[in-house]
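Engineer: Provided herewith: upload.cif, mmCIF, C-alpha atoms and all ligand atoms.
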```cif
data_entry
#
loop_
_atom_site.group_PDB
_atom_site.id
_atom_site.type_symbol
_atom_site.label_atom_id
_atom_site.label_comp_id
_atom_site.auth_asym_id
_atom_site.auth_seq_id
_atom_site.Cartn_x
_atom_site.Cartn_y
_atom_site.Cartn_z
ATOM 1 C CA ASN B 18 0.000 0.000 0.000
ATOM 2 C CA GLU B 19 1.304 3.437 -1.008
ATOM 3 C CA GLU B 20 0.674 5.159 2.327
ATOM 4 C CA LEU B 21 2.579 2.474 4.239
ATOM 5 C CA GLU B 22 5.412 2.681 1.726
ATOM 6 C CA ARG B 23 5.596 6.449 2.176
ATOM 7 C CA LEU B 24 5.647 6.171 5.979
ATOM 8 C CA ALA B 25 8.408 3.578 5.854
ATOM 9 C CA THR B 26 10.661 5.565 3.519
ATOM 10 C CA THR B 27 10.247 9.227 4.497
ATOM 11 C CA ASP B 28 10.949 11.576 7.380
ATOM 12 C CA PRO B 29 7.580 12.752 8.801
ATOM 13 C CA LEU B 30 8.692 16.348 9.498
ATOM 14 C CA THR B 31 10.212 17.305 6.147
ATOM 15 C CA SER B 32 8.897 14.549 3.823
ATOM 16 C CA ALA B 33 12.469 14.011 2.624
ATOM 17 C CA PHE B 34 13.465 10.363 2.375
ATOM 18 C CA ASN B 35 14.835 8.740 5.540
ATOM 19 C CA ARG B 36 18.263 7.273 6.258
ATOM 20 C CA ARG B 37 17.200 3.686 5.689
ATOM 21 C CA TYR B 38 15.805 4.463 2.238
ATOM 22 C CA PHE B 39 18.928 6.438 1.348
ATOM 23 C CA MET B 40 21.222 3.553 2.303
ATOM 24 C CA THR B 41 19.247 1.175 0.079
ATOM 25 C CA LYS B 42 19.379 3.633 -2.835
ATOM 26 C CA LEU B 43 23.098 4.184 -2.371
ATOM 27 C CA GLN B 44 23.756 0.447 -2.241
ATOM 28 C CA ASP B 45 21.784 -0.013 -5.487
ATOM 29 C CA GLU B 46 23.618 2.832 -7.160
ATOM 30 C CA LEU B 47 26.951 1.399 -6.102
ATOM 31 C CA LYS B 48 26.037 -1.921 -7.719
ATOM 32 C CA ARG B 49 24.964 -0.103 -10.884
ATOM 33 C CA SER B 50 28.226 1.864 -10.991
ATOM 34 C CA ARG B 51 30.151 -1.373 -10.625
ATOM 35 C CA ARG B 52 28.156 -3.137 -13.323
ATOM 36 C CA TYR B 53 28.174 -0.327 -15.882
ATOM 37 C CA ASP B 54 31.425 1.394 -14.902
ATOM 38 C CA ARG B 55 29.796 4.767 -14.219
ATOM 39 C CA SER B 56 30.457 7.551 -11.719
ATOM 40 C CA SER B 57 27.936 8.909 -9.260
ATOM 41 C CA SER B 58 28.252 11.287 -6.338
ATOM 42 C CA VAL B 59 26.953 11.869 -2.841
ATOM 43 C CA LEU B 60 26.523 15.284 -1.257
ATOM 44 C CA MET B 61 26.479 15.414 2.551
ATOM 45 C CA LEU B 62 24.819 18.601 3.713
ATOM 46 C CA ASP B 63 24.583 20.116 7.188
ATOM 47 C CA ILE B 64 22.863 23.333 8.318
ATOM 48 C CA ASP B 65 25.368 25.812 9.778
ATOM 49 C CA HIS B 66 24.855 26.827 13.432
ATOM 50 C CA PHE B 67 21.570 24.917 13.617
ATOM 51 C CA LYS B 68 21.849 24.469 17.382
ATOM 52 C CA SER B 69 22.114 28.204 17.843
ATOM 53 C CA ILE B 70 19.014 28.728 15.619
ATOM 54 C CA ASN B 71 17.091 26.333 17.891
ATOM 55 C CA ASP B 72 18.461 27.927 21.064
ATOM 56 C CA THR B 73 17.769 31.482 19.920
ATOM 57 C CA TYR B 74 14.400 31.138 18.185
ATOM 58 C CA GLY B 75 13.006 27.873 19.539
ATOM 59 C CA HIS B 76 12.395 24.450 18.034
ATOM 60 C CA ASP B 77 9.329 25.554 16.044
ATOM 61 C CA VAL B 78 11.514 27.921 14.034
ATOM 62 C CA GLY B 79 14.154 25.174 13.761
ATOM 63 C CA ASP B 80 11.490 22.885 12.287
ATOM 64 C CA ILE B 81 10.419 25.557 9.781
ATOM 65 C CA VAL B 82 14.057 25.945 8.704
ATOM 66 C CA LEU B 83 14.233 22.185 8.010
ATOM 67 C CA ILE B 84 10.896 22.119 6.174
ATOM 68 C CA GLU B 85 11.586 25.188 4.014
ATOM 69 C CA MET B 86 15.072 24.029 3.148
ATOM 70 C CA VAL B 87 13.823 20.644 1.943
ATOM 71 C CA LYS B 88 11.169 22.353 -0.220
ATOM 72 C CA VAL B 89 13.792 24.554 -1.860
ATOM 73 C CA LEU B 90 16.320 21.744 -2.350
ATOM 74 C CA GLU B 91 13.695 19.478 -3.904
ATOM 75 C CA ASN B 92 13.082 22.146 -6.536
ATOM 76 C CA GLU B 93 16.776 22.518 -7.280
ATOM 77 C CA ILE B 94 17.655 18.902 -7.874
ATOM 78 C CA ARG B 95 16.676 16.446 -10.564
ATOM 79 C CA GLU B 96 13.831 14.013 -10.272
ATOM 80 C CA PHE B 97 16.354 11.164 -10.242
ATOM 81 C CA ASP B 98 18.448 12.708 -7.464
ATOM 82 C CA THR B 99 17.544 11.469 -3.959
ATOM 83 C CA LEU B 100 17.375 13.869 -1.013
ATOM 84 C CA ALA B 101 17.282 12.268 2.429
ATOM 85 C CA ARG B 102 17.373 13.455 6.024
ATOM 86 C CA LEU B 103 20.010 11.347 7.753
ATOM 87 C CA GLY B 104 19.149 12.772 11.175
ATOM 88 C CA GLY B 105 18.922 16.121 12.980
ATOM 89 C CA GLU B 106 20.188 18.828 10.636
ATOM 90 C CA GLU B 107 22.141 16.441 8.419
ATOM 91 C CA PHE B 108 21.010 15.552 4.904
ATOM 92 C CA ALA B 109 22.440 13.617 1.977
ATOM 93 C CA ILE B 110 21.772 13.815 -1.733
ATOM 94 C CA LEU B 111 22.518 10.989 -4.133
ATOM 95 C CA LEU B 112 23.333 12.218 -7.642
ATOM 96 C CA PRO B 113 23.301 9.224 -10.010
ATOM 97 C CA GLU B 114 25.484 9.379 -13.122
ATOM 98 C CA THR B 115 27.111 12.572 -11.912
ATOM 99 C CA ASN B 116 30.872 13.006 -11.653
ATOM 100 C CA GLU B 117 32.696 15.148 -9.101
ATOM 101 C CA THR B 118 32.863 18.215 -11.335
ATOM 102 C CA SER B 119 29.128 18.145 -12.065
ATOM 103 C CA ALA B 120 28.257 17.342 -8.460
ATOM 104 C CA LYS B 121 30.180 20.428 -7.437
ATOM 105 C CA VAL B 122 28.188 22.544 -9.912
ATOM 106 C CA SER B 123 24.980 21.249 -8.314
ATOM 107 C CA ALA B 124 26.306 21.851 -4.799
ATOM 108 C CA VAL B 125 27.246 25.455 -5.576
ATOM 109 C CA ARG B 126 23.734 26.040 -6.888
ATOM 110 C CA LEU B 127 22.269 24.517 -3.705
ATOM 111 C CA LEU B 128 24.436 26.762 -1.487
ATOM 112 C CA ASP B 129 23.127 29.738 -3.379
ATOM 113 C CA ALA B 130 19.496 28.632 -3.183
ATOM 114 C CA VAL B 131 19.736 28.131 0.598
ATOM 115 C CA ARG B 132 21.271 31.597 1.111
ATOM 116 C CA LYS B 133 18.182 33.069 -0.545
ATOM 117 C CA ILE B 134 15.724 31.434 1.889
ATOM 118 C CA THR B 135 14.233 33.821 4.450
ATOM 119 C CA ILE B 136 12.309 32.415 7.420
ATOM 120 C CA ASP B 137 9.909 34.410 9.573
ATOM 121 C CA ALA B 138 11.347 33.991 13.084
ATOM 122 C CA GLY B 139 8.693 35.623 15.255
ATOM 123 C CA GLY B 140 8.426 38.687 13.021
ATOM 124 C CA LYS B 141 12.176 38.879 12.316
ATOM 125 C CA PRO B 142 13.689 37.670 9.038
ATOM 126 C CA LEU B 143 16.096 34.773 9.508
ATOM 127 C CA ASN B 144 18.661 33.605 6.967
ATOM 128 C CA PHE B 145 20.945 30.607 7.215
ATOM 129 C CA THR B 146 23.584 28.687 5.282
ATOM 130 C CA VAL B 147 24.700 25.080 4.804
ATOM 131 C CA SER B 148 28.023 23.301 4.401
ATOM 132 C CA ILE B 149 28.386 20.526 1.839
ATOM 133 C CA GLY B 150 30.812 17.635 1.517
ATOM 134 C CA CYS B 151 30.956 15.886 -1.848
ATOM 135 C CA SER B 152 32.265 12.450 -2.749
ATOM 136 C CA GLU B 153 32.357 10.742 -6.129
ATOM 137 C CA PHE B 154 32.279 6.946 -6.399
ATOM 138 C CA ASP B 155 32.841 4.716 -9.386
ATOM 139 C CA GLY B 156 31.936 1.301 -8.017
ATOM 140 C CA ASP B 157 35.330 -0.293 -8.570
ATOM 141 C CA TYR B 158 36.293 -0.661 -4.945
ATOM 142 C CA ASP B 159 33.992 1.555 -2.940
ATOM 143 C CA THR B 160 31.561 0.427 -0.261
ATOM 144 C CA VAL B 161 28.585 2.395 1.039
ATOM 145 C CA GLU B 162 30.569 3.041 4.212
ATOM 146 C CA ALA B 163 33.611 4.316 2.298
ATOM 147 C CA VAL B 164 31.483 6.682 0.194
ATOM 148 C CA LEU B 165 29.727 8.141 3.233
ATOM 149 C CA LYS B 166 32.968 8.392 5.151
ATOM 150 C CA SER B 167 34.686 10.426 2.466
ATOM 151 C CA ALA B 168 31.642 12.694 2.039
ATOM 152 C CA ASP B 169 31.666 13.125 5.811
ATOM 153 C CA LEU B 170 35.364 14.032 5.817
ATOM 154 C CA ALA B 171 34.731 16.557 3.056
ATOM 155 C CA LEU B 172 31.838 18.011 5.069
ATOM 156 C CA TYR B 173 34.107 18.257 8.111
ATOM 157 C CA GLU B 174 36.604 20.231 6.030
ATOM 158 C CA ALA B 175 33.840 22.494 4.717
ATOM 159 C CA LYS B 176 32.758 23.222 8.308
ATOM 160 C CA HIS B 177 36.271 23.827 9.561
ATOM 161 C CA SER B 178 37.357 26.037 6.690
ATOM 162 C CA GLY B 179 34.553 28.552 7.284
ATOM 163 C CA ARG B 180 31.147 26.934 6.419
ATOM 164 C CA ASP B 181 28.740 28.000 3.607
ATOM 165 C CA ARG B 182 30.885 26.150 1.064
ATOM 166 C CA VAL B 183 31.411 22.835 -0.691
ATOM 167 C CA VAL B 184 34.508 20.636 -0.357
ATOM 168 C CA THR B 185 34.989 17.577 -2.565
ATOM 169 C CA LYS B 186 36.863 14.319 -1.978
ATOM 170 C CA GLN B 187 37.296 11.142 -3.975
ATOM 171 C CA SER B 188 36.011 8.221 -1.967
ATOM 172 C CA ILE B 189 38.681 5.848 -0.744
ATOM 173 C CA PRO B 190 39.020 2.434 -2.393
ATOM 174 C CA ALA B 191 38.269 -0.345 0.084
ATOM 175 C CA ALA B 192 40.833 -2.715 -1.414
HETATM 176 P P1 LIG P 201 14.443 17.808 -13.337
HETATM 177 O O1 LIG P 201 15.515 17.178 -14.164
HETATM 178 O O2 LIG P 201 13.798 16.931 -12.329
HETATM 179 O O3 LIG P 201 15.090 19.075 -12.585
HETATM 180 C C1 LIG P 201 14.378 19.788 -11.588
HETATM 181 C C2 LIG P 201 15.030 21.131 -11.315
HETATM 182 O O4 LIG P 201 16.359 20.947 -10.811
HETATM 183 C C3 LIG P 201 15.194 22.029 -12.541
HETATM 184 O O5 LIG P 201 13.997 22.732 -12.783
HETATM 185 C C4 LIG P 201 16.330 22.937 -12.100
HETATM 186 O O6 LIG P 201 15.862 23.939 -11.199
HETATM 187 C C5 LIG P 201 17.222 22.003 -11.302
HETATM 188 N N1 LIG P 201 18.258 21.420 -12.187
HETATM 189 C C6 LIG P 201 18.406 20.123 -12.487
HETATM 190 N N2 LIG P 201 19.479 19.928 -13.248
HETATM 191 C C7 LIG P 201 20.043 21.136 -13.446
HETATM 192 C C8 LIG P 201 21.195 21.577 -14.173
HETATM 193 O O7 LIG P 201 21.948 20.803 -14.795
HETATM 194 N N3 LIG P 201 21.475 22.897 -14.119
HETATM 195 C C9 LIG P 201 20.683 23.773 -13.451
HETATM 196 N N4 LIG P 201 21.023 25.065 -13.460
HETATM 197 N N5 LIG P 201 19.571 23.394 -12.781
HETATM 198 C C10 LIG P 201 19.259 22.087 -12.778
HETATM 199 P P2 LIG P 201 13.701 23.352 -14.242
HETATM 200 O O8 LIG P 201 14.890 24.032 -14.778
HETATM 201 O O9 LIG P 201 12.441 24.147 -14.097
HETATM 202 O O10 LIG P 201 13.415 22.085 -15.162
HETATM 203 C C11 LIG P 201 12.234 21.303 -14.997
HETATM 204 C C12 LIG P 201 12.360 20.003 -15.768
HETATM 205 O O11 LIG P 201 12.494 20.272 -17.164
HETATM 206 C C13 LIG P 201 13.583 19.186 -15.384
HETATM 207 O O12 LIG P 201 13.280 18.392 -14.259
HETATM 208 C C14 LIG P 201 13.810 18.371 -16.653
HETATM 209 O O13 LIG P 201 12.909 17.284 -16.686
HETATM 210 C C15 LIG P 201 13.427 19.340 -17.753
HETATM 211 N N6 LIG P 201 14.617 20.083 -18.246
HETATM 212 C C16 LIG P 201 14.870 21.391 -18.122
HETATM 213 N N7 LIG P 201 16.008 21.733 -18.750
HETATM 214 C C17 LIG P 201 16.495 20.586 -19.302
HETATM 215 C C18 LIG P 201 17.674 20.292 -20.083
HETATM 216 O O14 LIG P 201 18.521 21.153 -20.405
HETATM 217 N N8 LIG P 201 17.850 18.990 -20.453
HETATM 218 C C19 LIG P 201 16.958 18.020 -20.089
HETATM 219 N N9 LIG P 201 17.210 16.746 -20.473
HETATM 220 N N10 LIG P 201 15.836 18.272 -19.367
HETATM 221 C C20 LIG P 201 15.603 19.556 -18.980
HETATM 222 P P1 LIG P 202 24.957 23.470 -15.558
HETATM 223 O O1 LIG P 202 23.797 23.956 -14.799
HETATM 224 O O2 LIG P 202 26.189 24.314 -15.502
HETATM 225 O O3 LIG P 202 25.298 22.017 -15.071
HETATM 226 C C1 LIG P 202 26.481 21.372 -15.510
HETATM 227 C C2 LIG P 202 26.416 19.909 -15.203
HETATM 228 O O4 LIG P 202 26.313 19.732 -13.783
HETATM 229 C C3 LIG P 202 25.208 19.203 -15.806
HETATM 230 O O5 LIG P 202 25.509 18.797 -17.110
HETATM 231 C C4 LIG P 202 25.064 18.009 -14.862
HETATM 232 O O6 LIG P 202 26.008 16.997 -15.212
HETATM 233 C C5 LIG P 202 25.485 18.582 -13.506
HETATM 234 N N1 LIG P 202 24.339 19.027 -12.715
HETATM 235 C C6 LIG P 202 23.964 20.303 -12.475
HETATM 236 N N2 LIG P 202 22.907 20.339 -11.660
HETATM 237 C C7 LIG P 202 22.582 19.066 -11.380
HETATM 238 C C8 LIG P 202 21.573 18.462 -10.538
HETATM 239 O O7 LIG P 202 20.713 19.127 -9.904
HETATM 240 N N3 LIG P 202 21.578 17.103 -10.460
HETATM 241 C C9 LIG P 202 22.493 16.341 -11.155
HETATM 242 N N4 LIG P 202 22.437 15.018 -11.040
HETATM 243 N N5 LIG P 202 23.467 16.887 -11.942
HETATM 244 C C10 LIG P 202 23.498 18.225 -12.050
HETATM 245 P P2 LIG P 202 24.329 18.473 -18.171
HETATM 246 O O8 LIG P 202 23.344 17.531 -17.605
HETATM 247 O O9 LIG P 202 25.016 18.059 -19.430
HETATM 248 O O10 LIG P 202 23.617 19.859 -18.391
HETATM 249 C C11 LIG P 202 24.269 20.870 -19.120
HETATM 250 C C12 LIG P 202 23.581 22.198 -18.939
HETATM 251 O O11 LIG P 202 22.208 22.098 -19.407
HETATM 252 C C13 LIG P 202 23.453 22.649 -17.506
HETATM 253 O O12 LIG P 202 24.623 23.316 -17.107
HETATM 254 C C14 LIG P 202 22.264 23.585 -17.585
HETATM 255 O O13 LIG P 202 22.662 24.815 -18.122
HETATM 256 C C15 LIG P 202 21.351 22.895 -18.569
HETATM 257 N N6 LIG P 202 20.376 22.031 -17.875
HETATM 258 C C16 LIG P 202 20.309 20.681 -17.897
HETATM 259 N N7 LIG P 202 19.255 20.245 -17.214
HETATM 260 C C17 LIG P 202 18.629 21.331 -16.720
HETATM 261 C C18 LIG P 202 17.465 21.510 -15.910
HETATM 262 O O14 LIG P 202 16.751 20.581 -15.490
HETATM 263 N N8 LIG P 202 17.153 22.776 -15.593
HETATM 264 C C19 LIG P 202 17.887 23.825 -16.021
HETATM 265 N N9 LIG P 202 17.507 25.063 -15.618
HETATM 266 N N10 LIG P 202 18.986 23.705 -16.785
HETATM 267 C C20 LIG P 202 19.338 22.466 -17.147
#
```
Here is a file; write its structure as structure tokens.

Structural biologist:
Amino acid sequence: NEELERLATTDPLTSAFNRRYFMTKLQDELKRSRRYDRSSSVLMLDIDHFKSINDTYGHDVGDIVLIEMVKVLENEIREFDTLARLGGEEFAILLPETNETSAKVSAVRLLDAVRKITIDAGGKPLNFTVSIGCSEFDGDYDTVEAVLKSADLALYEAKHSGRDRVVTKQSIPAA
């Protein structure tokens, strides 16, 4: 049944896909890359200073930030790209058939789209930014864990080099 399927695969707050669904998609895509020798990419995205948004304006505003951001991102990515909420303020986007250079183009556009979002925080306009880590995988050696780990490392670098930016990394061969 469609409703059950939706509940099992999406995050109730934002309607983005959930972590479990994302992992399944990524595993499938990895197999496809291996079979057809193609490159795909993962973007790991995290809202900058989200804790301070929650602390300053309250969790209702925090929730609106998450909801509005997902709406905007969904409009900026392709139908075949998968946006998922991994937990808290962390999201991932799977870009099938997209190499590192193209994934970076998409990420830069997403950064820009998020900067343009304005939330009503109790009568005051609130803007926010995100940091993005990008990792390309080609299926030869990579595992789901290796892909996510390298995207995570790239995200860490994006955070620690000033936020509101994208950093890319090749995922590490497992062999
Ligand atoms: P879609 O492929 O699902 O893409 C949805 C939206 O993601 C696009 O809305 C656009 O805002 C963004 N987007 C996706 N890929 C790119 C890209 O390579 N560059 C940029 N700058 N933005 C991108 P948009 O533009 O309103 O397009 C709506 C739909 O029209 C697309 O849905 C796609 O099905 C089709 N489309 C538009 N332009 C092209 C094109 O140049 N080639 C192809 N094959 N389809 C296109
Ligand atoms: P661009 O916007 O500079 O994007 C360059 C390349 O980045 C695209 O090459 C694609 O490989 C990758 N890319 C950009 N955005 C996305 C995205 O949201 N998802 C994924 N998976 N990949 C993305 P491509 O496909 O050959 O497109 C060439 C140019 O055609 C794009 O240059 C853009 O100007 C236009 N285009 C293609 N599709 C769309 C679309 O849906 N909407 C709009 N507005 N433009 C599109």

Engineer: Can you measure atom CA of Ala163 of chain B to atom CA of Phe34 of chain B for me? One decimal in Å is fine.

Structural biologist: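 Computed distance, atom CA of Ala163 of chain B to atom CA of Phe34 of chain B, equals 21.0 Å.
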
Engineer: Please write as a ChimeraX atom specification the full residue list that the PyMOL selection byres (((chain B and resi 107) around 12) and not hetatm) yields on this file.

Structural biologist: /B:33,35-36,60-67,83,86-87,100-106,108-110,147-150,169,172

Engineer: Keeping only C-alpha atoms, take the residues you just selected and write them out as a PDB file, in the coordinates of the input.

Structural biologist:
```
ATOM      1  CA  ALA B  33      12.469  14.011   2.624  1.00  0.00           C
ATOM      2  CA  ASN B  35      14.835   8.740   5.540  1.00  0.00           C
ATOM      3  CA  ARG B  36      18.263   7.273   6.258  1.00  0.00           C
ATOM      4  CA  LEU B  60      26.523  15.284  -1.257  1.00  0.00           C
ATOM      5  CA  MET B  61      26.479  15.414   2.551  1.00  0.00           C
ATOM      6  CA  LEU B  62      24.819  18.601   3.713  1.00  0.00           C
ATOM      7  CA  ASP B  63      24.583  20.116   7.188  1.00  0.00           C
ATOM      8  CA  ILE B  64      22.863  23.333   8.318  1.00  0.00           C
ATOM      9  CA  ASP B  65      25.368  25.812   9.778  1.00  0.00           C
ATOM     10  CA  HIS B  66      24.855  26.827  13.432  1.00  0.00           C
ATOM     11  CA  PHE B  67      21.570  24.917  13.617  1.00  0.00           C
ATOM     12  CA  LEU B  83      14.233  22.185   8.010  1.00  0.00           C
ATOM     13  CA  MET B  86      15.072  24.029   3.148  1.00  0.00           C
ATOM     14  CA  VAL B  87      13.823  20.644   1.943  1.00  0.00           C
ATOM     15  CA  LEU B 100      17.375  13.869  -1.013  1.00  0.00           C
ATOM     16  CA  ALA B 101      17.282  12.268   2.429  1.00  0.00           C
ATOM     17  CA  ARG B 102      17.373  13.455   6.024  1.00  0.00           C
ATOM     18  CA  LEU B 103      20.010  11.347   7.753  1.00  0.00           C
ATOM     19  CA  GLY B 104      19.149  12.772  11.175  1.00  0.00           C
ATOM     20  CA  GLY B 105      18.922  16.121  12.980  1.00  0.00           C
ATOM     21  CA  GLU B 106      20.188  18.828  10.636  1.00  0.00           C
ATOM     22  CA  PHE B 108      21.010  15.552   4.904  1.00  0.00           C
ATOM     23  CA  ALA B 109      22.440  13.617   1.977  1.00  0.00           C
ATOM     24  CA  ILE B 110      21.772  13.815  -1.733  1.00  0.00           C
ATOM     25  CA  VAL B 147      24.700  25.080   4.804  1.00  0.00           C
ATOM     26  CA  SER B 148      28.023  23.301   4.401  1.00  0.00           C
ATOM     27  CA  ILE B 149      28.386  20.526   1.839  1.00  0.00           C
ATOM     28  CA  GLY B 150      30.812  17.635   1.517  1.00  0.00           C
ATOM     29  CA  ASP B 169      31.666  13.125   5.811  1.00  0.00           C
ATOM     30  CA  LEU B 172      31.838  18.011   5.069  1.00  0.00           C
TER      31      LEU B 172
END
```

Engineer: On this file, the PyMOL selection byres (((not hetatm)) within 10 of (chain P and resi 202)) gives some set of residues; write that set as number ranges by chain.

Structural biologist: B: 57-59, 90-99, 110-127

Engineer: Considering all atoms listed in the file, state which residue in the set B:Phe154, B:Phe145, B:Tyr173, B:Tyr38 is at the smallest distance from Ile81 of chain B.

Structural biologist: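 Ranked by minimum distance to Ile81 of chain B, first place goes to B:Phe145.
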
Engineer: Suppose you want the space between atom CA of Asp155 of chain B and atom CA of Thr185 of chain B; what is it in Å?

Structural biologist: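 Here the two named atoms are 14.7 Å from each other.
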
Engineer: So how many Å separate atom CA of Ile84 of chain B and atom CA of Glu162 of chain B, to one decimal?

Structural biologist: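 So the two atoms, atom CA of Ile84 of chain B and atom CA of Glu162 of chain B, lie 27.5 Å apart.
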
Engineer: Mind giving me the axis-aligned box for ligand LIG 201 (chain P) with 6 Å on every side, centre plus edges in Å to one decimal, as JSON?

Structural biologist:
```
{"center_x": 17.1, "center_y": 20.9, "center_z": -15.6, "size_x": 21.7, "size_y": 20.3, "size_z": 21.7}
```

Engineer: Identify which of the residues B:Arg182, B:Arg55, B:Arg37, B:Arg23 lies closest to Arg132 of chain B, counting only C-alpha atoms when measuring atom-to-atom distances.

Structural biologist: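 Among B:Arg182, B:Arg55, B:Arg37, B:Arg23, it is B:Arg182 that comes nearest to Arg132 of chain B.
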
Engineer: Name all residues at most 9 Å from Glu46 of chain B (count all atoms listed in the file; drop same-chain ones fewer than 3 positions away) and give them as a ChimeraX atom specification.

Structural biologist: /B:41-43,49-51,57,111,113,156

Engineer: So, counting all atoms listed in the file, which residue among B:Arg52, B:Gly75, B:Lys166, B:Val82 is closest to Glu153 of chain B?

Structural biologist: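 When distances to Glu153 of chain B are compared using all atoms listed in the file, the smallest one comes from B:Lys166.
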
Engineer: Between B:Ala138, B:Thr31, B:Ala130, B:Ala171, which is the closest to ligand LIG 201 (chain P) once you count only C-alpha atoms and all ligand atoms?

Structural biologist: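 Counting only C-alpha atoms and all ligand atoms, the residue closest to ligand LIG 201 (chain P) is B:Ala130.
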
Engineer: Find the residue from B:Glu174, B:Asp157, B:Asp72, B:Asp129 that sits nearest to ligand LIG 201 (chain P); use only C-alpha atoms and all ligand atoms when measuring.

Structural biologist: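 Residue with the minimum atom-to-atom distance to ligand LIG 201 (chain P): B:Asp129.
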
Engineer: I'd like to know which of B:Ile70, B:Leu30, B:Val183, B:Val89 is closest to ligand LIG 201 (chain P), using only C-alpha atoms and all ligand atoms.

Structural biologist: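 Under the stated criterion, the closest residue is B:Val89.
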
Engineer: List the residues matched by the PyMOL selection byres (((chain B and resi 161) around 8) and not hetatm) in the displayed structure as a list in words, ordered by chain and then by residue number.

Structural biologist: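 Applying the expression gives Met40, Leu43, Gln44, Leu47, Asp159, Thr160, Glu162, Ala163, Val164 and Leu165 of chain B.
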